[in-house]
Each structure stands twice: as structure tokens, then as C-alpha cells.
Amino acid sequence: MHVLEDVKDATHRFFGLSADEKKKYSKEQSVTNNVRYGTSFTPACEKALEWKDYLSLFFVSDNEAATQWPPVCRNQVMEYMKGSEIVVKKLLEILMNGLNVKEIDETKESNLMGSKRINLNYYPICPNPELTVGVGRHSDVSTLTILLQDDIGGLYVRNTETMKWIHVPPVSGSLVVNVGDALQIMSNGKYKSVEHRVSANGIRNRISVPIFVNPKASDIIGPLPEVLQRGEKPLYKHVLYSDYVKHFFRKAHDGKATIEFARA
Ligand SMILES: COc1cc(/C=C/C(=O)SCCNC(=O)CCNC(=O)[C@H](O)C(C)(C)COP(=O)(O)OP(=O)(O)OC[C@H]2O[C@@H](n3cnc4c(N)ncnc43)[C@H](O)[C@@H]2OP(=O)(O)O)ccc1O
Ligand SMILES: O=C(O)CCC(=O)C(=O)O
Ligand SMILES: [Fe+2]
């Protein structure tokens with residue numbers, strides 16, 4: 001429990017830094033591509049900016065995290081990331097069991113959880129929340145996302161039958177788990193990535209801390225052989241994961257359209 005509280009405090013500490021201090025981690029000034037402070041999602045492609053700033057930390061090694069991640073939050077983020085590993089492993093084992101995958105070998109381990117990115121999201125109070133969003137509707141490109149949100153609320157997920165949006169109420173001490181596009185592709189559509197969005201808030205600053213568990217950037221992902229064993233038609237082709245992620249980042253949020261990039 002203290003790990004979750006500590007990472008929330010650390011997130012507030014980072015966004016409480018001066019603008020100049022935070023800018024040191026922007027794309028223009030950051031000494032590494034693996035640490036990126038920014039605003040909205042893909043500003044160059046958006047009609048209206050999303051009301052959100054973020055710090056995105058791509059985990060490469062303990063050493064890089066200890067030297068390059070911002071000192072005001074790095075220990076707490078690391079502890080949260082390490083603490084999540086056991087939960088992620090267990091969840092993926094159960095999900096693979098449901099696909100008739102009996103053993104998670106080295107290749108599957110890499111495809112399922114070969115890389116990790118943690119974002120610290122900060123949604124400042126918005127003077128006109130009805131005119132914009134916190135985050136537009138999208139699905140994550142991860143395998144699984146483990147999401148910590150604070151007590152403010154505003155996260156919605158889409159019910160695929162009614163197409164209605166359902167609020168995900170904050171529950172103290174809990175984590176939200178999202179299925180991402182990479183798992184939809186590998187499971188040949190058996191597990192569907194969840195479309196979600198965040199509303200802008202006119203009263204309080206909100207934070208969230210997603211851990212994106214992903215394939216390695218250099219992995220080629222596609223429907224797993226075990227899923228196609230009984231002659232099932234592949235719905236998705238094999239794609240280089242970094243191409244998939246680049247496609248996601250090249251456009252504004254557009255619901256569940258990203259996955260069409262991998263359609264067979
Ligand atoms: C920010 O708001 C968000 C974010 C999200 C994220 C949801 C996820 O599911 S994140 C998980 C993504 N998976 C991975 O990061 C693992 C694999 N990583 C990779 O394949 C690569 O690291 C890479 C992300 C493809 C970057 O490769 P690289 O060769 O270094 O290419 P770049 O030139 O740096 O970037 C290309 C292009 O992508 C954009 N971009 C890159 N990193 C980020 C980032 N962390 N946050 C935002 N945008 C990023 C960027 O536009 C780059 O273009 P430039 O014009 O800047 O050159 C969900 C919802 C949100 O609202
Ligand atoms: O802030 C949230 O609750 C969700 C954020 C999100 O969807 C993301 O960062 O991908
Ligand atoms: Fe998301």
C-alpha cells in the first residue's frame with residue numbers, strides 16, 4: 001500500500017517542479033530518448049490539445065534508471081515497477097492458460113513482457129472541461145497495462161456490446177488492468193484491448209501512473225501458433241512491434257483504429 005502512495009506523492013513532486021526543471025526532460029533537452037516529458041499525445045496531429053502533461057520513462061536497466069530518471073521520483077517509480085512484476089507474471093500465466101499455451105518460453109516471455117514503459121500523467125484543472133478531454137479515446141498498444149489512479153475519477157471504458165461508456169470509480173489500494181493491442185493480436189482477438197478515455201476536470205488536478213507491459217521493440221508479433229492450432233483463420237498479420245508503436249504515436253487518438261495496422 002505504501003508503494004502506491006509513495007509513487008502518487010512522487011508524481012505530484014515531479015509535476016510540482018519549476019517549468020525549467022521539467023523541461024530538462026523534454027524531447028528537445030532530454031539526454032536520453034528513454035526519458036521524455038511532454039504534453040497532450042501527438043500535438044502536431046491534434047485539432048485540440050489534450051489537457052494532460054506526462055513524463056514517460058522507458059525502462060532499460062537499473063543503472064540507467066538510477067542515473068537518468070528524475071531524482072524526485074525515480075526510487076518510488078522503480079519500487080512500484082518492481083512490485084508489479086509478480087502480479088503481471090501471474091496474470092499473463094492465467095491468460096496464456098486460457099489460450100492453451102502451456103509454457104511461456106523465452107520468445108513468448110519477450111513477446112509478452114519484454115519491455116516496460118511507465119508514464120506519470122498529470123491532468124491540471126481545466127477552466128473549460130467541456131471543451132476538451134484529459135485523454136482521447138484509445139486502446140493501449142501494450143500487452144497489459146497496470147494503472148494506478150488517484151481518488152478523483154474521470155476514467156471511462158467502453159462496453160463493446162452497448163458501446164456505452166462506463167466510469168471506472170477509483171478504489172483506494174486498487175489497480176486497474178487493461179488488455180492492450182499486442183495481446184489482442186497475439187490471442188487472435190480472443191482477448192480484446194479495451195477502449196478508454198479520461199475526461200478533463202474543472203475542480204481538481206488528477207494524476208495516474210500506468211505501467212505499460214509490452215513486447216520488445218525488435219520483436220515480431222502475430223497470432224500465437226497455439227491459438228491457430230485448430231485451423232483458425234489469422235485475423236492479424238505479423239508486425240514488427242516498434243513499427244506498430246510508431247504508427248500509434250504518428251496520429252491523434254482515434255479509438256480502436258490503431259489495430260487495423262495489423263489486420264490480415
Ligand atoms: C503520451 O500520451 C499517451 C501515451 C500512451 C501510451 C500508451 C502505450 O501503450 S505506451 C507503450 C508503448 N510501447 C513501448 O514504448 C515499447 C516499445 N518501444 C518502442 O517501440 C520505441 O521505443 C518507440 C516508442 C517506437 C520509439 O522508438 P524510437 O526509434 O526511439 O523513435 P522516436 O523517434 O523516439 O519516436 C517516434 C515517434 O513516436 C513518438 N513517441 C516516442 N516515444 C513517445 C512517448 N514516450 N510518448 C509520446 N510519444 C512518443 C513521437 O511522436 C516520435 O516522433 P517525434 O516527432 O517526436 O520524433 C497512451 C495514451 C496517451 O495519451
Ligand atoms: O489517466 C488514466 O486513468 C488513463 C491514462 C491512459 O489511458 C494512458 O496513459 O494510456
Ligand atoms: Fe491508455
# chains A, B, ... in the order shown; residues from 1 in each chain; ligands from 1

$ residues_around --residues "stretch 156-172 of chain A" --least-positions-apart "4" --cutoff "9 Å" --atoms "only C-alpha atoms" --output "PyMOL selection string"
chain A and resi 137+149-152+176+194-199

$ closest_atom_pairs --of "chain A" --to "ligand 1" --cutoff "8 Å" --atoms "only C-alpha atoms and all ligand atoms" --output "CSV"
residue,atom,partner,partner_atom_place_in_ligand_line,distance
A:Lys27,CA,ligand 1,56 (O),6.9
A:Asn33,CA,ligand 1,34 (O),5.8
A:Asn34,CA,ligand 1,22 (O),7.3
A:Val35,CA,ligand 1,45 (N),7.5
A:Arg36,CA,ligand 1,45 (N),6.0
A:Gly38,CA,ligand 1,1 (C),7.3
A:Thr39,CA,ligand 1,1 (C),7.3
A:Ser40,CA,ligand 1,2 (O),6.2
A:Phe41,CA,ligand 1,2 (O),4.2
A:Thr42,CA,ligand 1,51 (O),5.9
A:Glu50,CA,ligand 1,61 (O),7.9
A:Lys52,CA,ligand 1,61 (O),7.9
A:Tyr54,CA,ligand 1,1 (C),6.3
A:Leu55,CA,ligand 1,45 (N),7.8
A:Ser56,CA,ligand 1,45 (N),4.9
A:Leu57,CA,ligand 1,45 (N),7.0
A:Phe58,CA,ligand 1,15 (O),6.5
A:Ser115,CA,ligand 1,16 (C),5.8
A:Lys116,CA,ligand 1,16 (C),6.4
A:Arg117,CA,ligand 1,15 (O),5.7
A:Ile118,CA,ligand 1,10 (S),7.9
A:Asn119,CA,ligand 1,4 (C),7.4
A:Val135,CA,ligand 1,61 (O),5.3
A:Gly136,CA,ligand 1,61 (O),7.0
A:His138,CA,ligand 1,59 (C),7.0
A:Ser139,CA,ligand 1,58 (C),7.5
A:Asp140,CA,ligand 1,9 (O),3.9
A:Val141,CA,ligand 1,9 (O),4.0
A:Ser142,CA,ligand 1,9 (O),4.5
A:Thr145,CA,ligand 1,9 (O),7.4
A:Gly180,CA,ligand 1,9 (O),7.1
A:Phe212,CA,ligand 1,11 (C),5.2
A:Val213,CA,ligand 1,11 (C),7.2
A:Asn214,CA,ligand 1,16 (C),5.6
A:Pro215,CA,ligand 1,16 (C),6.7
A:Lys216,CA,ligand 1,17 (C),5.9
A:Ala217,CA,ligand 1,20 (O),4.0
A:Ser218,CA,ligand 1,20 (O),7.4
A:Tyr241,CA,ligand 1,20 (O),6.1
A:Ser242,CA,ligand 1,20 (O),3.5
A:Asp243,CA,ligand 1,25 (C),6.6
A:Tyr244,CA,ligand 1,20 (O),7.6
A:Val245,CA,ligand 1,25 (C),4.9
A:Lys246,CA,ligand 1,25 (C),4.6
A:His247,CA,ligand 1,38 (O),8.0
A:Phe248,CA,ligand 1,38 (O),7.8
A:Phe249,CA,ligand 1,38 (O),4.7
A:Arg250,CA,ligand 1,51 (O),5.8
A:His253,CA,ligand 1,61 (O),7.5

$ atom_distance --atom1 "atom CA of A:Leu95" --atom2 "atom CA of A:Gly153"
27.8 Å

$ select_by_dssp --residues "stretch 162-197 of chain A" --states "helix (DSSP H, G or I)" --output "list in words"
Asp181, Ala182, Leu183, Gln184, Ile185 and Met186 of chain A

$ write_last_selection --atoms "N, CA, C and O atoms" --output "PDB file, in the first residue's frame"
ATOM      1  N   ASP A 181      -3.422  -3.744 -27.217  1.00  0.00           N
ATOM      2  CA  ASP A 181      -3.495  -4.249 -28.600  1.00  0.00           C
ATOM      3  C   ASP A 181      -2.568  -5.446 -28.850  1.00  0.00           C
ATOM      4  O   ASP A 181      -2.912  -6.348 -29.625  1.00  0.00           O
ATOM      5  N   ALA A 182      -1.369  -5.429 -28.233  1.00  0.00           N
ATOM      6  CA  ALA A 182      -0.425  -6.527 -28.505  1.00  0.00           C
ATOM      7  C   ALA A 182      -1.029  -7.870 -28.084  1.00  0.00           C
ATOM      8  O   ALA A 182      -0.837  -8.888 -28.767  1.00  0.00           O
ATOM      9  N   LEU A 183      -1.782  -7.865 -26.980  1.00  0.00           N
ATOM     10  CA  LEU A 183      -2.413  -9.125 -26.536  1.00  0.00           C
ATOM     11  C   LEU A 183      -3.601  -9.480 -27.433  1.00  0.00           C
ATOM     12  O   LEU A 183      -3.851 -10.665 -27.690  1.00  0.00           O
ATOM     13  N   GLN A 184      -4.309  -8.468 -27.929  1.00  0.00           N
ATOM     14  CA  GLN A 184      -5.398  -8.754 -28.877  1.00  0.00           C
ATOM     15  C   GLN A 184      -4.831  -9.442 -30.121  1.00  0.00           C
ATOM     16  O   GLN A 184      -5.392 -10.416 -30.625  1.00  0.00           O
ATOM     17  N   ILE A 185      -3.701  -8.936 -30.607  1.00  0.00           N
ATOM     18  CA  ILE A 185      -3.086  -9.517 -31.812  1.00  0.00           C
ATOM     19  C   ILE A 185      -2.605 -10.945 -31.523  1.00  0.00           C
ATOM     20  O   ILE A 185      -2.906 -11.880 -32.269  1.00  0.00           O
ATOM     21  N   MET A 186      -1.863 -11.122 -30.409  1.00  0.00           N
ATOM     22  CA  MET A 186      -1.293 -12.453 -30.116  1.00  0.00           C
ATOM     23  C   MET A 186      -2.380 -13.497 -29.835  1.00  0.00           C
ATOM     24  O   MET A 186      -2.203 -14.672 -30.117  1.00  0.00           O
TER      25      MET A 186
END

$ residues_around --residues "A:Arg263" --least-positions-apart "4" --cutoff "7 Å" --atoms "only C-alpha atoms" --output "CSV table (one decimal) with N, CA and C atoms, in the first residue's frame"
chain,number,residue,atom,x,y,z
A,235,LEU,N,-6.5,-13.4,-37.9
A,235,LEU,CA,-7.1,-12.1,-38.1
A,235,LEU,C,-6.1,-11.0,-38.3
A,236,TYR,N,-4.9,-11.3,-37.8
A,236,TYR,CA,-3.8,-10.3,-37.8
A,236,TYR,C,-2.6,-10.9,-38.5
A,237,LYS,N,-1.8,-10.0,-39.2
A,237,LYS,CA,-0.5,-10.4,-39.7
A,237,LYS,C,0.6,-10.2,-38.7
A,259,ILE,N,-5.3,-0.8,-34.3
A,259,ILE,CA,-5.1,-2.2,-34.6
A,259,ILE,C,-5.3,-2.6,-36.1

$ atom_distance --atom1 "atom CA of A:Glu93" --atom2 "atom CA of A:Ile220"
20.4 Å

$ select_by_dssp --residues "stretch 24-264 of chain A" --states "strand (DSSP E or B)" --output "PyMOL selection string"
chain A and resi 26+35-39+53-59+115-123+133-138+144-149+155-158+165-167+176-179+196-199+206-214+220-221+236+239-240+255+263

$ write_last_selection --atoms "C-alpha atoms" --output "CSV table (one decimal), in the first residue's frame"
chain,number,residue,atom,x,y,z
A,26,SER,CA,11.6,17.3,-22.8
A,35,VAL,CA,13.0,9.8,-20.7
A,36,ARG,CA,10.5,12.2,-22.2
A,37,TYR,CA,8.4,15.0,-20.6
A,38,GLY,CA,5.6,16.3,-22.9
A,39,THR,CA,2.1,17.5,-23.2
A,53,ASP,CA,1.2,16.6,-19.2
A,54,TYR,CA,3.3,13.4,-18.9
A,55,LEU,CA,6.7,12.0,-18.0
A,56,SER,CA,7.4,8.8,-19.9
A,57,LEU,CA,10.1,6.5,-18.6
A,58,PHE,CA,11.2,3.6,-20.8
A,59,PHE,CA,13.0,1.0,-18.6
A,115,SER,CA,9.8,-4.2,-22.3
A,116,LYS,CA,8.2,-1.7,-19.9
A,117,ARG,CA,7.3,1.9,-20.0
A,118,ILE,CA,5.9,3.9,-17.1
A,119,ASN,CA,4.1,7.1,-17.6
A,120,LEU,CA,3.4,9.7,-14.9
A,121,ASN,CA,0.3,11.5,-16.1
A,122,TYR,CA,-0.8,14.9,-14.7
A,123,TYR,CA,-4.2,16.4,-15.6
A,133,VAL,CA,-10.5,15.8,-22.8
A,134,GLY,CA,-7.9,14.5,-20.4
A,135,VAL,CA,-7.0,11.7,-22.8
A,136,GLY,CA,-8.9,11.0,-26.0
A,137,ARG,CA,-10.4,7.5,-26.7
A,138,HIS,CA,-7.8,4.9,-27.5
A,144,LEU,CA,-1.2,-5.4,-20.4
A,145,THR,CA,-1.4,-2.0,-18.7
A,146,ILE,CA,-1.3,-1.8,-14.9
A,147,LEU,CA,-2.9,1.5,-14.0
A,148,LEU,CA,-2.8,3.4,-10.7
A,149,GLN,CA,-5.3,6.3,-10.5
A,155,LEU,CA,-11.5,7.3,-16.4
A,156,TYR,CA,-14.1,5.6,-18.7
A,157,VAL,CA,-14.1,2.3,-20.5
A,158,ARG,CA,-16.2,1.3,-23.5
A,165,TRP,CA,-19.0,4.5,-21.7
A,166,ILE,CA,-18.7,3.1,-18.1
A,167,HIS,CA,-17.0,5.1,-15.4
A,176,VAL,CA,-6.9,-1.2,-13.0
A,177,VAL,CA,-5.7,-3.8,-15.5
A,178,ASN,CA,-6.2,-3.1,-19.2
A,179,VAL,CA,-5.7,-5.5,-22.1
A,196,HIS,CA,-10.8,4.0,-22.8
A,197,ARG,CA,-10.7,7.8,-22.3
A,198,VAL,CA,-10.3,10.3,-19.5
A,199,SER,CA,-12.4,13.4,-19.0
A,206,ARG,CA,-5.7,14.5,-11.3
A,207,ILE,CA,-2.8,12.0,-11.6
A,208,SER,CA,-2.4,8.5,-12.9
A,209,VAL,CA,0.5,6.1,-13.3
A,210,PRO,CA,0.2,3.4,-16.0
A,211,ILE,CA,2.8,0.7,-16.3
A,212,PHE,CA,2.8,-0.5,-20.0
A,213,VAL,CA,4.0,-4.1,-20.2
A,214,ASN,CA,5.0,-4.6,-23.9
A,220,ILE,CA,7.8,-9.6,-34.4
A,221,ILE,CA,4.3,-10.3,-33.0
A,236,TYR,CA,-3.8,-10.3,-37.8
A,239,VAL,CA,4.3,-6.9,-37.5
A,240,LEU,CA,7.5,-5.5,-36.1
A,255,GLY,CA,-10.4,4.9,-30.6
A,263,ARG,CA,-5.2,-6.5,-39.8
